[in-house]
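Asks: I am attaching a structure below and will ask some questions about it afterwards.
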2 protein chains.
Amino acid sequence: MRQKRTNDPEGMRRRVLDVAEESFQARGYHASSLGDLMAAAGVTGGALHHHFPTKKALALAVIEERVAAAVDQTWIAPVRAASSAREGVRAVFEAVAAELERQGFVRGCPLNNLAHELSLADPDFRIALAGIFAGWRLAIADKLRVDRQAGRDEGTDPERYATLAVAAYSGAMSMAKTAQDAGLLRDCLAGLEQGAPSSQSGLVERRRRRVLPRPRTL
Amino acid sequence: MRQKRTNDPEGMRRRVLDVAEESFQARGYHASSLGDLMAAAGVTGGALHHHFPTKKALALAVIEERVAAAVDQTWIAPVRAASSAREGVRAVFEAVAAELERQGFVRGCPLNNLAHELSLADPDFRIALAGIFAGWRLAIADKLRVDRQAGRDEGTDPERYATLAVAAYSGAMSMAKTAQDAGLLRDCLAGLEQGAPSSQSGLVERRRRRVLPRPRTL
DNA sequence: GACAAAACAGGACAACCGGTCTGTTTTACA
DNA sequence: TGTAAAACAGACCGGTTGTCCTGTTTTGTC
């Protein structure tokens, strides 16, 4: 009888963050109890407390490591890689809408979900979340500045467009989550592109309002 | 010694709803305990339970009576009374931004605040909240349909524009709440009007980024 | 291999939460 | 005025929450 236990600090920390990220999204911060998280992650109280002294510390880690990464992966990287800012925004809207329709239910935007619940609850939360929003907007605005240097989209103000794009996405996702209808994202994108200047906006296909098959009973 | 007590069912119910509405906005549903609400409203447990058997029933009443009314008063009525849909949307954005700057802090949109926390928590919550969103969009779309019948704004699709307007507002308010900066609402509005067709959009005044004086320490 | 620190186990606890229960007072109505 | 229902008071309870605390085991280092 040897080795009853194998210490794996990074792995255990990762497992806890995985479970916490998931639960905070699905149930929210206050509705997620540490007991549930411990059970779901297969972690004891001692281990959890060792890596995250308080629930707040855990949430802060989720925000700074997971939520920020999600925004990076979903939005910032695709926009940077796109041919233009507008095209990047369009592509992300459509990619997310398609993914949600495939999933069959809408869980909402990770950043906005936590932002609404925690922004007013604690200044540390608020600062961390506000920083992610700012980085998100900055990435879009920077991309648009590059476009303008190339002579494209000169009638568009970068900061304003970035704010509008982020706001439209956040709000559309909020509605889509409440209505459990990913089509609202497509409607919002269509409205966004409708007002686009100097775009050969041909017939954008009429929205197909599809009732999501799995309305997510919690 | 007569009349130790005066029964006032409506008044007591109203007081409870007042306190609950306020607390749900400021702290959220799960973070608001019935004990706090009772103390704040000066109501005993018996009275509270008599009017609202469960916490869920209380929240449902807040949503259906208070949040819906807030959307009506802030958005639907002003849009209906405006000279056009676009003008109505512009006026509401500016009115809210001005009010927030006067207040000195941003508490967020009542509907979105509760929608994020409660949409996935309970189907009854979700249905009630989704209905308010739908009514909000419908009011804007209907107004735009009237505009189009009068020959104005014929290049704009009513449903899509309504969805965009509501989403942009919701998202902008979300960011404004997180950043505690009402100016983001103005940025978003500027971006929205920038893309407006057939509008003699002259110089929209450059945004004055003002740091809000009272950052709200909770 | 000695030893200190990190990593983990698991119980204990005080505070709090939402709901229930019994009892009293007020009010509507016959 | 009698009476039943509505309105309210206030104590009570089982369950849960986040955190802390005391041990035990593993791991890195000399």
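Residues are named by chain letter and number: chains run A, B, ... in the order of the structure tokens, numbers start at 1 in each chain, and ligands are numbered from 1 in the order shown.
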Find the residues in chain B near chain A: any atom within 6 Å counts, using only C-alpha atoms. Write them as number ranges by chain.
Replies: B: 113, 116, 119, 126, 130, 160-161, 163-164, 167-168, 170-172, 178-179, 187-188, 191, 195-196
Asks: Please, could you write that set of residues out with C-alpha atoms as a PDB file, in the first residue's frame?
Replies:
```pdb
ATOM      1  CA  ASN B 113     -30.527  43.122 -14.134  1.00  0.00           C
ATOM      2  CA  HIS B 116     -29.605  37.873 -16.241  1.00  0.00           C
ATOM      3  CA  SER B 119     -33.918  33.787 -16.686  1.00  0.00           C
ATOM      4  CA  ARG B 126     -38.042  33.626 -17.777  1.00  0.00           C
ATOM      5  CA  ALA B 130     -39.272  37.575 -22.022  1.00  0.00           C
ATOM      6  CA  ARG B 160     -34.621  44.389 -36.866  1.00  0.00           C
ATOM      7  CA  TYR B 161     -34.313  48.012 -35.912  1.00  0.00           C
ATOM      8  CA  THR B 163     -34.147  44.502 -31.773  1.00  0.00           C
ATOM      9  CA  LEU B 164     -31.013  46.507 -32.441  1.00  0.00           C
ATOM     10  CA  ALA B 167     -30.034  45.355 -27.624  1.00  0.00           C
ATOM     11  CA  ALA B 168     -27.836  48.417 -27.968  1.00  0.00           C
ATOM     12  CA  SER B 170     -29.345  46.932 -22.864  1.00  0.00           C
ATOM     13  CA  GLY B 171     -25.739  46.297 -23.679  1.00  0.00           C
ATOM     14  CA  ALA B 172     -24.697  49.897 -23.292  1.00  0.00           C
ATOM     15  CA  THR B 178     -19.807  47.877 -14.988  1.00  0.00           C
ATOM     16  CA  ALA B 179     -17.622  50.853 -15.852  1.00  0.00           C
ATOM     17  CA  ASP B 187     -21.146  56.604 -27.362  1.00  0.00           C
ATOM     18  CA  CYS B 188     -23.517  53.836 -28.226  1.00  0.00           C
ATOM     19  CA  GLY B 191     -22.732  54.813 -33.137  1.00  0.00           C
ATOM     20  CA  GLY B 195     -25.304  54.373 -39.348  1.00  0.00           C
ATOM     21  CA  ALA B 196     -28.722  55.905 -39.831  1.00  0.00           C
TER      22      ALA B 196
END
```
Asks: Quick one: which residues from chain B are at most 7 Å off chain D, using only C-alpha atoms (C1' of nucleotides), as an MDAnalysis selection string?
Replies: chainID B and resid 7 44 46:47
Asks: Counting only C-alpha atoms (C1' of nucleotides), which residue out of C:DA7, C:DC21, C:DC13, C:DA2 sits closest to chain B?
Replies: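 Among the listed residues, C:DC21 lies closest to chain B.
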Asks: Within 9 Å of chain B, which residues of chain C are there when counting only C-alpha atoms (C1' of nucleotides)? Please give them as a PDB file with N, CA, C and O atoms (P, O5', C5', C4', C3', O3' and C1' of nucleotides), in the first residue's frame.
Replies:
```pdb
ATOM      1  P    DC C  17     -29.628  36.305   5.807  1.00  0.00           P
ATOM      2  O5'  DC C  17     -30.401  35.415   4.778  1.00  0.00           O
ATOM      3  C5'  DC C  17     -29.732  34.360   4.090  1.00  0.00           C
ATOM      4  C4'  DC C  17     -30.690  33.214   3.892  1.00  0.00           C
ATOM      5  C3'  DC C  17     -32.133  33.671   3.747  1.00  0.00           C
ATOM      6  O3'  DC C  17     -32.491  33.662   2.378  1.00  0.00           O
ATOM      7  C1'  DC C  17     -31.929  31.737   5.183  1.00  0.00           C
ATOM      8  P    DG C  18     -33.805  34.447   1.947  1.00  0.00           P
ATOM      9  O5'  DG C  18     -34.920  33.317   1.907  1.00  0.00           O
ATOM     10  C5'  DG C  18     -34.660  32.109   1.247  1.00  0.00           C
ATOM     11  C4'  DG C  18     -35.669  31.070   1.673  1.00  0.00           C
ATOM     12  C3'  DG C  18     -37.132  31.504   1.519  1.00  0.00           C
ATOM     13  O3'  DG C  18     -37.853  30.474   0.875  1.00  0.00           O
ATOM     14  C1'  DG C  18     -36.696  30.815   3.763  1.00  0.00           C
ATOM     15  P    DG C  19     -39.410  30.719   0.503  1.00  0.00           P
ATOM     16  O5'  DG C  19     -40.140  29.886   1.652  1.00  0.00           O
ATOM     17  C5'  DG C  19     -39.762  28.531   1.843  1.00  0.00           C
ATOM     18  C4'  DG C  19     -40.348  28.009   3.144  1.00  0.00           C
ATOM     19  C3'  DG C  19     -41.864  28.233   3.294  1.00  0.00           C
ATOM     20  O3'  DG C  19     -42.508  26.970   3.395  1.00  0.00           O
ATOM     21  C1'  DG C  19     -40.683  28.900   5.265  1.00  0.00           C
ATOM     22  P    DT C  25     -55.022  41.057  21.072  1.00  0.00           P
ATOM     23  O5'  DT C  25     -55.340  41.902  19.753  1.00  0.00           O
ATOM     24  C5'  DT C  25     -54.261  42.494  19.037  1.00  0.00           C
ATOM     25  C4'  DT C  25     -54.740  42.899  17.659  1.00  0.00           C
ATOM     26  C3'  DT C  25     -55.970  43.810  17.638  1.00  0.00           C
ATOM     27  O3'  DT C  25     -55.662  44.971  16.901  1.00  0.00           O
ATOM     28  C1'  DT C  25     -56.233  42.042  16.102  1.00  0.00           C
ATOM     29  P    DT C  26     -56.630  46.258  17.043  1.00  0.00           P
ATOM     30  O5'  DT C  26     -57.325  46.288  15.604  1.00  0.00           O
ATOM     31  C5'  DT C  26     -56.495  46.362  14.450  1.00  0.00           C
ATOM     32  C4'  DT C  26     -57.256  45.880  13.244  1.00  0.00           C
ATOM     33  C3'  DT C  26     -58.501  46.698  12.873  1.00  0.00           C
ATOM     34  O3'  DT C  26     -58.282  47.304  11.613  1.00  0.00           O
ATOM     35  C1'  DT C  26     -58.904  44.363  12.696  1.00  0.00           C
ATOM     36  P    DT C  27     -59.345  48.413  11.086  1.00  0.00           P
ATOM     37  O5'  DT C  27     -60.277  47.521  10.151  1.00  0.00           O
ATOM     38  C5'  DT C  27     -59.669  46.679   9.176  1.00  0.00           C
ATOM     39  C4'  DT C  27     -60.723  45.799   8.523  1.00  0.00           C
ATOM     40  C3'  DT C  27     -62.017  46.513   8.134  1.00  0.00           C
ATOM     41  O3'  DT C  27     -62.305  46.243   6.785  1.00  0.00           O
ATOM     42  C1'  DT C  27     -62.498  44.524   9.308  1.00  0.00           C
TER      43       DT C  27
END
```
Asks: Tell me, in Å to one decimal, how far CA of Ser32 in chain A is from C1' of DC16 in chain C.
Replies: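 CA of Ser32 in chain A sits 16.2 Å away from C1' of DC16 in chain C.
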Asks: Using only C-alpha atoms (C1' of nucleotides), which protein or nucleic acid residues come within 9 Å of Val96 in chain A? Drop anything in the same chain fewer than 5 positions from it, and give the result as a PyMOL selection string.
Replies: chain A and resi 74+91+101+182+185
Asks: Looking only at alpha helix (DSSP H) from DSSP on the backbone, list the matching residues of chain A as a PyMOL selection string.
Replies: chain A and resi 9-27+34-41+45-51+55-61+68-71+77-81+85-103+110-118+123-149+158-179+183-194
Asks: Find the residues around range 144-147 of chain A up to 7 Å (only C-alpha atoms (C1' of nucleotides) counted), leave out those fewer than 6 positions away in its own chain, and share them as an mmCIF file with N, CA and C atoms, in the first residue's frame.
Replies:
```cif
data_model
loop_
_atom_site.group_PDB
_atom_site.id
_atom_site.type_symbol
_atom_site.label_atom_id
_atom_site.label_comp_id
_atom_site.auth_asym_id
_atom_site.auth_seq_id
_atom_site.Cartn_x
_atom_site.Cartn_y
_atom_site.Cartn_z
ATOM 1 N N SER A 84 -11.688 42.813 -41.985
ATOM 2 C CA SER A 84 -12.012 44.177 -41.533
ATOM 3 C C SER A 84 -12.770 44.090 -40.218
ATOM 4 N N ALA A 85 -12.921 45.217 -39.570
ATOM 5 C CA ALA A 85 -13.629 45.227 -38.293
ATOM 6 C C ALA A 85 -15.076 44.790 -38.481
ATOM 7 N N ASP A 153 -13.917 52.552 -44.717
ATOM 8 C CA ASP A 153 -14.784 52.870 -43.579
ATOM 9 C C ASP A 153 -14.409 54.161 -42.888
ATOM 10 N N PRO A 158 -14.145 54.929 -34.678
ATOM 11 C CA PRO A 158 -13.745 53.637 -34.093
ATOM 12 C C PRO A 158 -14.331 53.366 -32.707
#
```
Asks: Fewer than 6 positions away in the same chain doesn't count, so skip those; otherwise give me all residues within 9 Å of Arg15 in chain A, counting only C-alpha atoms (C1' of nucleotides), as a PDB file with all heavy atoms, in the first residue's frame.
Replies:
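File produced: part_39.pdb:
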```pdb
ATOM      1  N   ALA A  41     -16.607  18.900  -8.395  1.00  0.00           N
ATOM      2  CA  ALA A  41     -15.204  18.826  -8.784  1.00  0.00           C
ATOM      3  C   ALA A  41     -14.487  17.658  -8.103  1.00  0.00           C
ATOM      4  O   ALA A  41     -13.339  17.357  -8.437  1.00  0.00           O
ATOM      5  CB  ALA A  41     -14.498  20.141  -8.453  1.00  0.00           C
ATOM      6  N   GLY A  42     -15.156  17.010  -7.171  1.00  0.00           N
ATOM      7  CA  GLY A  42     -14.518  15.936  -6.435  1.00  0.00           C
ATOM      8  C   GLY A  42     -13.353  16.450  -5.600  1.00  0.00           C
ATOM      9  O   GLY A  42     -12.263  15.874  -5.582  1.00  0.00           O
ATOM     10  N   VAL A  43     -13.603  17.529  -4.900  1.00  0.00           N
ATOM     11  CA  VAL A  43     -12.545  18.196  -4.136  1.00  0.00           C
ATOM     12  C   VAL A  43     -13.016  18.381  -2.705  1.00  0.00           C
ATOM     13  O   VAL A  43     -14.191  18.619  -2.461  1.00  0.00           O
ATOM     14  CB  VAL A  43     -12.235  19.564  -4.779  1.00  0.00           C
ATOM     15  CG1 VAL A  43     -11.402  20.427  -3.867  1.00  0.00           C
ATOM     16  CG2 VAL A  43     -11.558  19.355  -6.123  1.00  0.00           C
TER      17      VAL A  43
END
```
